[in-house]
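**Student:** I have a structure I would like to understand better, so I am pasting it below and will then ask my questions one at a time.
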2 protein chains.
Amino acid sequence: MKTRDEALALDAADPLAPLRDQFAIPEGLIYLDGNSLGVMPKATPARVQQVVTQEWGVGLIGSWNSAGWMGLAPRIGDKIARLIGAGPGECVAADSTSVNLYKVLNAALSIARADAPQRTRIVSERSNFPTDLYIAEATAAERGFELVLADSPEGLPALLNERCAVLMLTHVNYANGRIHDMTALTQAAHAAGALTIWDLAHSAGALPLDLSGSGADFAIGCGYKYLNGGPGAPAFVWVAQRHAERFWQPLAGWMGHAAPFEFTPGYRPAPGIRRYLCGTPPVLGLAALECGVDTVLAAESLGGMAALRTKSLALTRAFTALVEERCAGHGLTLVSPRDDTQRGSQVCFAHATHGYPMVQALIARGVVGDFRAPDILRFGFTPLYLRFVDVWDAVERMRQMLHNEEWREARFNQRAAVT
Amino acid sequence: MKTRDEALALDAADPLAPLRDQFAIPEGLIYLDGNSLGVMPKATPARVQQVVTQEWGVGLIGSWNSAGWMGLAPRIGDKIARLIGAGPGECVAADSTSVNLYKVLNAALSIARADAPQRTRIVSERSNFPTDLYIAEATAAERGFELVLADSPEGLPALLNERCAVLMLTHVNYANGRIHDMTALTQAAHAAGALTIWDLAHSAGALPLDLSGSGADFAIGCGYKYLNGGPGAPAFVWVAQRHAERFWQPLAGWMGHAAPFEFTPGYRPAPGIRRYLCGTPPVLGLAALECGVDTVLAAESLGGMAALRTKSLALTRAFTALVEERCAGHGLTLVSPRDDTQRGSQVCFAHATHGYPMVQALIARGVVGDFRAPDILRFGFTPLYLRFVDVWDAVERMRQMLHNEEWREARFNQRAAVT
């Protein structure tokens, strides 16, 4: 891709191009932050309004049945399952990613304690997303386990030994976009006698996943990134069927009870994945999440996640090449993997000193990426709604921004953005 | 209140009457189920639509700052604090009631274990709402405590002894509307050396509360009942300042971290109540919750919770008297307390055999209450939007329904409704 015309030609030939029309994207904006908060599907406002004004406003309490509110969490879970290589009845939408991680980590530790009490370690990596590490740190302290962190992915295999109870990883690293080999690491963990937990926050909806085929034990993921569920959307949780009924998870709320409306004392966990529900389902958030998930499922007739992945790689390859060529000499260093098989749906550059104001100056030019401490300019590429011409234009605006040193003038907005 | 005209006169004289106009109530419906799911405030659809189409749709990731999404949980918490006798900075809106109960119960047990390791019991009552008992049962099993249940409120004092670590109660019983004396029981628990957790699901927004004055230690509550936050709205959590920073709660997610956007490994809990946050805040649900809370705060200039309580008692007294007088001879027995000081904002009758179809037949006549197993017809009275004439008309419809034995024909809808 050497010219803007070539980019336009790639878009004209893109079989996934019609999917962009599902989204409301502000005019002129090039949004490379769908890995933080996906853009709004056009279907969402009307659906949310229907839930508020009709299902709640008119249907009131009766809507728990008549509008199917009770079935939202498993129904959306089943839809997400199609995107992550899982079967129906194996996944539910619920709570936040952090809360769901807590559930599966505790379930995994209960299994480990029962089967292999000498295993006392939760293994992860230092560059895992902080909330995952915080949850693991608190859980380890509470339950008498030890959280052991590899300094790099290469350090993980050595930690998969007779002391490891659970290997807990985020499949695609939030900061640099590097992909772990889920199948190989799961096999290595199992060979060492450990269980695996995969955080799919930066994977679900971004690349093909095969939880069942990889032999994974537990997985969780985020609803508001590549699934386009809206700010703070409910998350999801998946448990391999062989584990689903072995233990309670500790957040044993009534929606995970076998018969929540019998109002009986004494917890009887629901069969299967439903026991990973806890409190009353967040109906507004679930309705918006379903609209988002549907935008990804709309790709199924066009080749599905495999086709989205092909396009995503073409976008990130093109962006990387163009930045390295057209923005050379400004101190940007690629930190995401150059190898397609190791790179998620994002491209990250490090800049030693001015990463933060550079991101701000780009935002001022209508190219939204984000900055990740300490030095990373992060750009996410959602193949559902990004075009090759967006890649071209983003790099052109970056080139001008760098050439003019616009980052010297960039407003220092308060830092806050959600992974 | 002996005639419909008298009811109309009471409404005409009611200083709180204008508050009803804040709500969209379907024409002709008498909604006595606001203790399960509050009705929709008129302000909510536009506010939710603004969040979806403008803040998310246009502002995208920048709205975490520019639209104040990061501040929603503490801002709404501060508003709820005004309704429950707490101070600013002591309460946050987050997660579900069940999840919040898990947080405070674990924090309380950590304090108990540190201060009084010989105390091994969580004391509650058998008729507490099931999800509270399930959470306590799971937590007790996990942490080596014992859940001990009183068969009746009268049995509680005997359990407040040297073995009790935590007294965990729902302030107003979901099934019969009986109020616990929060101050007296808190004092008794403290005298015995135990901590208290109060579930305010059926209290917040329904009657005056004084968490600080009562000396309570922890409280949680529900956003979708008397706070009118919408189906599955986020819940709230309050911790007495003396306890807030003593321990982590186990759901140590990034939003409870002192500096969530530094992305540093190692959990450093935020000061005060903010450490009771966990994952990314559910923005849509929080926006709707704030609209609901505002409908209750709108009463502040009209006498606030005290005035709402006075009206609520007048409504429930009138309903009780009218049912007993005009529906006599049909086997209905009052099970909520006759004594104003012991009755929440609901009235419950038991019927030995036909409670469920009677509730269905009433719904068919546009009077929405709910049935609670095994035998309870439950009617909630939200003083914000119910009129005395609604009480009159509800009882008149009930009288006709019973006289015609319409319950014999009632459709048996699938049972499901959320507390």
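Each chain of the structure tokens is named A, B, ... in the order shown, its residues numbered from 1; ligands are numbered from 1 in display order.
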What's the 12 Å shell around Asn161 (chain A), counting only C-alpha atoms, without same-chain residues fewer than 4 positions away, as a PyMOL selection string?

**Tutor:** chain A and resi 118-123+148+156-157+165-167+188-195

**Student:** How about saving the chosen residues, C-alpha atoms kept, as an mmCIF file, in the first residue's frame?

**Tutor:**
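Saved the output as again.cif:
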data_model
loop_
_atom_site.group_PDB
_atom_site.id
_atom_site.type_symbol
_atom_site.label_atom_id
_atom_site.label_comp_id
_atom_site.auth_asym_id
_atom_site.auth_seq_id
_atom_site.Cartn_x
_atom_site.Cartn_y
_atom_site.Cartn_z
ATOM 1 C CA GLN A 118 1.072 -29.152 47.101
ATOM 2 C CA ARG A 119 0.623 -26.687 44.243
ATOM 3 C CA THR A 120 0.661 -23.215 45.722
ATOM 4 C CA ARG A 121 1.440 -20.890 42.855
ATOM 5 C CA ILE A 122 -0.573 -18.744 40.511
ATOM 6 C CA VAL A 123 1.693 -18.033 37.548
ATOM 7 C CA VAL A 148 4.593 -15.595 40.697
ATOM 8 C CA LEU A 156 6.745 -18.685 31.528
ATOM 9 C CA PRO A 157 7.685 -22.281 30.641
ATOM 10 C CA ALA A 165 -1.598 -24.526 40.375
ATOM 11 C CA VAL A 166 -2.914 -22.101 37.781
ATOM 12 C CA LEU A 167 -1.479 -20.347 34.760
ATOM 13 C CA ALA A 188 2.490 -27.061 28.686
ATOM 14 C CA ALA A 189 0.438 -26.101 31.737
ATOM 15 C CA HIS A 190 -1.516 -29.340 31.594
ATOM 16 C CA ALA A 191 1.666 -31.352 31.114
ATOM 17 C CA ALA A 192 2.902 -29.727 34.302
ATOM 18 C CA GLY A 193 -0.370 -30.527 36.054
ATOM 19 C CA ALA A 194 -1.689 -26.955 36.152
ATOM 20 C CA LEU A 195 -4.945 -25.349 35.042
#

**Student:** Any idea which chain B residues end up within 7 Å of chain A if we count only C-alpha atoms, as a count of residues only please?

**Tutor:** 55

**Student:** With DSSP run on the backbone, what are the strand (DSSP E or B) residues within region 153-261 of chain B? I'd like them as a list in words.

**Tutor:**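 These are the residues in question: Cys164, Ala165, Val166, Leu167, Met168, Leu169, Thr170, Val172, Arg178, Ile179, Leu195, Thr196, Ile197, Trp198, Asp199, Phe218, Ala219, Ile220, Gly221, Ala235, Phe236, Val237, Trp238, Val239 and His257 of chain B.
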
**Student:** If DSSP is run on the backbone, what residues of region 236-333 of chain A are helix (DSSP H, G or I)? A reply as a PyMOL selection string would be ideal.

**Tutor:** chain A and resi 241-244+254-256+260-262+272-276+283-297+300-302+304-326

**Student:** Between B:Arg47, B:Arg275, B:Arg113, B:His171, which has the minimum distance to Glu125 (chain B) (counting only C-alpha atoms)?

**Tutor:**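 Nearest candidate to Glu125 (chain B) out of B:Arg47, B:Arg275, B:Arg113, B:His171: B:His171.
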
**Student:** I need the residue nearest Leu308 (chain A) from this list: A:Ala108, A:Ala184, A:Ala321, A:Ala17. Use only C-alpha atoms for the distance.

**Tutor:**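 Checking each of A:Ala108, A:Ala184, A:Ala321, A:Ala17 against Leu308 (chain A), counting only C-alpha atoms, the winner is A:Ala17.
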
**Student:** Excluding Ser312 (chain B) and its own-chain neighbours fewer than 6 positions away, which residues fall within 9 Å of it when counting only C-alpha atoms? Please give them as an MDAnalysis selection string.

**Tutor:** chainID B and resid 206:207 344:346 381:384 386

**Student:** Taking only C-alpha atoms into account, which of B:Val296, B:Leu200, B:Cys91, B:Leu8 comes nearest His180 (chain B)?

**Tutor:** B:Leu200

**Student:** B:Lys2, B:Arg387, B:His403, B:Arg242: which is nearest Lys311 (chain B), counting only C-alpha atoms?

**Tutor:** B:Arg387

**Student:** Write out as an NGL selection string which residues come within 10 Å of Thr320 (chain A) when counting only C-alpha atoms, dropping same-chain ones fewer than 6 positions away.

**Tutor:** :A and (314 or 334 or 336 or 338 or 346-349 or 391 or 395)

**Student:** Taking 2 positions as the minimum chain separation for residues in the same chain, which residues sit within 9 Å of Leu322 (chain A) when counting only C-alpha atoms? Answer as a ChimeraX atom specification.

**Tutor:** /A:1-2,317-320,324-327,391-392,395-396

**Student:** With a distance cut-off of 12 Å and only C-alpha atoms, select the neighbouring residues of Thr183 (chain B), excluding the residue or stretch itself and same-chain residues fewer than 2 positions from it, and output the selection as a list in words.

**Tutor:**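 Everything that qualifies: His171, Ile179, His180, Asp181, Leu185, Thr186, Gln187, Ala188, Ala189, His190, Ala191, Thr196, Trp198, Leu209, Asp210, Leu211, Ser212, Gly213, Ser214, Gly215, Ala216 and Asp217 of chain B.
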
**Student:** Calculate how many Å separate CA of Tyr226 (chain A) from CA of Ala67 (chain B), rounding to one decimal.

**Tutor:** 21.8 Å

**Student:** Under the rule that only C-alpha atoms are counted, which of A:Gly292, A:Pro271, A:Gly85, A:Gly329 is the nearest residue to His243 (chain A)?

**Tutor:**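 Nearest candidate to His243 (chain A) out of A:Gly292, A:Pro271, A:Gly85, A:Gly329: A:Pro271.
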
**Student:** Here is a test: counting only C-alpha atoms, which residue of A:Thr316, A:Leu105, A:Tyr276, A:Ala298 is nearest to Asp21 (chain A)?

**Tutor:**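 Smallest distance to Asp21 (chain A) is found for A:Ala298.
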
**Student:** For CA of Ala287 (chain A) and CA of Val92 (chain B), quote the distance in Å rounded to one decimal.

**Tutor:**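 About the pair CA of Ala287 (chain A) and CA of Val92 (chain B): they are 24.0 Å apart.
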